[in-house]
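For reference, the structure discussed in these notes is given below.
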Amino acid sequence: MKLELYQIDSFTEEIFRGNPACVVPLKEWLPDETLFKITRENAVAETAFFIDNGDTIHLRWFTPEIEMDLCGHATLATVHCLVKHLNYQKSKIVFETQVGELTVDIKNEVYYMDFPSRMPQPSTLPDVIKNSLNIQPKEIYKSRDYVLLYESEEEVRNIRIDRSIFDLINLDPGGVVVTATGNDSDFVSRYFTPQSTILEDPVTGSAYCSLIPFWASRLGKDTLFSRQLSEREGQLYCENKNDRVIVAGKARTYSQGFIWID
């Protein structure tokens with residue numbers, strides 16, 4: 001069986017920046033075991049698989065370890081693949097996913113993803129996570145992910161994780177977000193996943209389901225610009241819409257080709 005494969009950098013206007021994801025269009029679903037094998041072979045944080053049903057597109061996201069309930073950068077990569085390479089003509093895409101129906105509007109090569117809002121609530125931090133951090137947060141919150149609030153962008157940039165301790169906990173399917181107000185953005189963040197092949201995710205669209213309502217409430221504004229401060233960095237245009245959030249960005253294609261499944 002011959003399948004198309006696209007690797008796309010999301011939340012960036014430059015190649016080698018943002019978050020790389022692979023996208024594989026399918027005609028029918030393959031066994032999950034095969035989808036995991038493809039994902040591991042791709043050696044990126046996420047691979048998106050989709051089937052175009054006409055009115056809607058069934059979309060699933062896989063890491064090398066687990067199937068995710070929601071993935072922003074791989075969704076963005078899928079939209080870019082459909083528009084730039086598969087001649088998708090509509091200005092809105094409707095995805096059927098584990099978390100329900102997700103819509104994406106396409107305007108001037110910017111992709112606006114409509115995601116569920118997940119306002120994090122005050123929480124306490126497990127000792128494993130606390131002991132793995134070189135700088136302690138000033139406030140702790142949790143939704144799907146732990147959201148750790150820091151004093152400044154500089155502190156977020158300087159966070160170091162002791163992985164020998166961090167990997168003692170499993171947050172499947174969540175992770176740990178560290179965040180603060182930004183120097184030249186409304187807020188900044190970084191994202192870490194214990195027991196994952198890739199410790200720090202370059203840009204984490206799904207985390208903004210929590211970051212957007214959190215910062216909209218603290219800053220008193222519903223339209224925000226954010227930077228994720230990984231080595232590759234990403235830029236995200238954000239909007240708070242009560243029980244929904246808009247996570248928007250651009251993407252660039254790195255490669256396209258084929259894979260063969262015997």
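Residues in the structure tokens are numbered from 1 in each chain, the chains being A, B, ... in the order shown, and ligands are numbered from 1 in the order shown.
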Exercise. Among segment 60-252 of chain A, which residues carry a DSSP assignment of strand (DSSP E), reported as an MDAnalysis selection string?
Worked result: chainID A and resid 60:62 67:68 92:97 100:107 110:116 121:122 139:142 146:149 176:181 187:192 200:201 223:228 234:241 244:249 251:252
Exercise. Can you list, as a count of residues only, every residue of segment 14-92 of chain A that DSSP puts in helix (DSSP H, G or I)?
Worked result: 25
For this session: Would you list the contacts of Thr47 of chain A as a ChimeraX atom specification, taking every protein, DNA or RNA residue within 6 Å and counting only C-alpha atoms, but skipping same-chain residues closer than 4 positions in sequence?
Result: /A:21-23,39,61-62
Problem set entry | Residues within 9 Å of segment 141-145 of chain A, only C-alpha atoms, excluding chain neighbours under 6 positions, as a list in words | Arg118, Met119, Pro120, Gln121, Pro122, Ser123, Thr124, Leu125, Leu171, Pro173, Gly174, Gly175, Val176, Val177, Ala207 and Ser210 of chain A
Could you take the residues named above and write them with all heavy atoms, as an mmCIF file, in the first residue's frame?
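The file below, out11.cif, is the result:
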```cif
data_model
loop_
_atom_site.group_PDB
_atom_site.id
_atom_site.type_symbol
_atom_site.label_atom_id
_atom_site.label_comp_id
_atom_site.auth_asym_id
_atom_site.auth_seq_id
_atom_site.Cartn_x
_atom_site.Cartn_y
_atom_site.Cartn_z
ATOM 1 N N ARG A 118 -10.624 25.504 27.869
ATOM 2 C CA ARG A 118 -10.364 24.697 29.055
ATOM 3 C C ARG A 118 -9.726 25.598 30.119
ATOM 4 O O ARG A 118 -8.518 25.611 30.285
ATOM 5 C CB ARG A 118 -9.416 23.538 28.735
ATOM 6 C CG ARG A 118 -9.971 22.493 27.770
ATOM 7 C CD ARG A 118 -8.873 21.542 27.336
ATOM 8 N NE ARG A 118 -9.392 20.374 26.634
ATOM 9 C CZ ARG A 118 -8.646 19.498 25.962
ATOM 10 N NH1 ARG A 118 -7.324 19.669 25.894
ATOM 11 N NH2 ARG A 118 -9.187 18.461 25.369
ATOM 12 N N MET A 119 -10.544 26.356 30.810
ATOM 13 C CA MET A 119 -10.002 27.273 31.822
ATOM 14 C C MET A 119 -9.357 26.473 32.955
ATOM 15 O O MET A 119 -10.013 25.666 33.605
ATOM 16 C CB MET A 119 -11.098 28.169 32.379
ATOM 17 C CG MET A 119 -10.636 29.016 33.562
ATOM 18 S SD MET A 119 -9.339 30.233 33.152
ATOM 19 C CE MET A 119 -10.355 31.659 32.744
ATOM 20 N N PRO A 120 -8.063 26.676 33.210
ATOM 21 C CA PRO A 120 -7.417 25.945 34.309
ATOM 22 C C PRO A 120 -7.855 26.490 35.662
ATOM 23 O O PRO A 120 -8.132 27.682 35.801
ATOM 24 C CB PRO A 120 -5.926 26.191 34.057
ATOM 25 C CG PRO A 120 -5.877 27.484 33.302
ATOM 26 C CD PRO A 120 -7.133 27.546 32.474
ATOM 27 N N GLN A 121 -7.896 25.609 36.634
ATOM 28 C CA GLN A 121 -8.326 25.975 37.978
ATOM 29 C C GLN A 121 -7.151 25.868 38.950
ATOM 30 O O GLN A 121 -6.210 25.099 38.722
ATOM 31 C CB GLN A 121 -9.459 25.048 38.428
ATOM 32 C CG GLN A 121 -10.683 25.095 37.542
ATOM 33 C CD GLN A 121 -11.308 26.475 37.458
ATOM 34 O OE1 GLN A 121 -11.402 27.178 38.477
ATOM 35 N NE2 GLN A 121 -11.709 26.888 36.258
ATOM 36 N N PRO A 122 -7.171 26.645 40.047
ATOM 37 C CA PRO A 122 -6.091 26.553 41.041
ATOM 38 C C PRO A 122 -5.885 25.112 41.491
ATOM 39 O O PRO A 122 -6.836 24.354 41.682
ATOM 40 C CB PRO A 122 -6.597 27.428 42.185
ATOM 41 C CG PRO A 122 -7.506 28.411 41.533
ATOM 42 C CD PRO A 122 -8.180 27.658 40.413
ATOM 43 N N SER A 123 -4.616 24.742 41.651
ATOM 44 C CA SER A 123 -4.290 23.352 41.944
ATOM 45 C C SER A 123 -3.016 23.304 42.785
ATOM 46 O O SER A 123 -2.437 24.338 43.135
ATOM 47 C CB SER A 123 -4.110 22.566 40.644
ATOM 48 O OG SER A 123 -3.871 21.198 40.889
ATOM 49 N N THR A 124 -2.625 22.105 43.122
ATOM 50 C CA THR A 124 -1.337 21.871 43.776
ATOM 51 C C THR A 124 -0.468 21.046 42.839
ATOM 52 O O THR A 124 -0.977 20.327 41.968
ATOM 53 C CB THR A 124 -1.513 21.134 45.111
ATOM 54 O OG1 THR A 124 -2.215 19.900 44.867
ATOM 55 C CG2 THR A 124 -2.292 21.983 46.099
ATOM 56 N N LEU A 125 0.824 21.139 43.027
ATOM 57 C CA LEU A 125 1.759 20.498 42.114
ATOM 58 C C LEU A 125 2.295 19.205 42.733
ATOM 59 O O LEU A 125 2.781 19.218 43.869
ATOM 60 C CB LEU A 125 2.915 21.457 41.816
ATOM 61 C CG LEU A 125 3.785 21.174 40.590
ATOM 62 C CD1 LEU A 125 2.943 21.187 39.320
ATOM 63 C CD2 LEU A 125 4.898 22.207 40.497
ATOM 64 N N LEU A 171 1.286 11.819 32.810
ATOM 65 C CA LEU A 171 0.155 12.744 32.762
ATOM 66 C C LEU A 171 -0.735 12.492 31.550
ATOM 67 O O LEU A 171 -1.522 13.355 31.169
ATOM 68 C CB LEU A 171 0.661 14.197 32.742
ATOM 69 C CG LEU A 171 1.490 14.636 33.944
ATOM 70 C CD1 LEU A 171 1.959 16.070 33.755
ATOM 71 C CD2 LEU A 171 0.709 14.495 35.238
ATOM 72 N N PRO A 173 -3.280 12.314 28.829
ATOM 73 C CA PRO A 173 -2.529 12.814 27.673
ATOM 74 C C PRO A 173 -1.990 14.229 27.870
ATOM 75 O O PRO A 173 -1.730 14.922 26.892
ATOM 76 C CB PRO A 173 -3.603 12.812 26.580
ATOM 77 C CG PRO A 173 -4.843 13.238 27.334
ATOM 78 C CD PRO A 173 -4.711 12.652 28.725
ATOM 79 N N GLY A 174 -1.844 14.683 29.115
ATOM 80 C CA GLY A 174 -1.463 16.067 29.340
ATOM 81 C C GLY A 174 0.023 16.279 29.507
ATOM 82 O O GLY A 174 0.835 15.371 29.325
ATOM 83 N N GLY A 175 0.357 17.511 29.886
ATOM 84 C CA GLY A 175 1.748 17.884 30.098
ATOM 85 C C GLY A 175 1.826 19.035 31.070
ATOM 86 O O GLY A 175 0.891 19.296 31.837
ATOM 87 N N VAL A 176 2.944 19.742 31.044
ATOM 88 C CA VAL A 176 3.193 20.856 31.951
ATOM 89 C C VAL A 176 3.508 22.101 31.129
ATOM 90 O O VAL A 176 4.453 22.095 30.323
ATOM 91 C CB VAL A 176 4.355 20.544 32.911
ATOM 92 C CG1 VAL A 176 4.672 21.754 33.786
ATOM 93 C CG2 VAL A 176 4.018 19.324 33.771
ATOM 94 N N VAL A 177 2.707 23.145 31.309
ATOM 95 C CA VAL A 177 2.912 24.421 30.634
ATOM 96 C C VAL A 177 3.520 25.402 31.631
ATOM 97 O O VAL A 177 3.014 25.542 32.744
ATOM 98 C CB VAL A 177 1.587 25.017 30.126
ATOM 99 C CG1 VAL A 177 1.857 26.256 29.285
ATOM 100 C CG2 VAL A 177 0.789 23.995 29.347
ATOM 101 N N ALA A 207 -2.503 23.372 24.083
ATOM 102 C CA ALA A 207 -2.296 24.022 25.386
ATOM 103 C C ALA A 207 -2.971 25.388 25.445
ATOM 104 O O ALA A 207 -3.299 25.891 26.534
ATOM 105 C CB ALA A 207 -0.803 24.161 25.671
ATOM 106 N N SER A 210 -6.257 26.272 27.228
ATOM 107 C CA SER A 210 -6.190 26.754 28.612
ATOM 108 C C SER A 210 -5.512 28.116 28.717
ATOM 109 O O SER A 210 -5.937 28.986 29.494
ATOM 110 C CB SER A 210 -5.436 25.755 29.482
ATOM 111 O OG SER A 210 -6.144 24.541 29.582
#
```
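Pairwise distance (atom CA of Leu199 of chain A, atom CA of Ala45 of chain A) equals 9.6 Å.
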Exercise. Which residue, A:Glu139, A:Glu109, A:Glu41, A:Asp127, has the smallest gap to Ala180 of chain A when you use only C-alpha atoms?
Worked result: A:Glu139
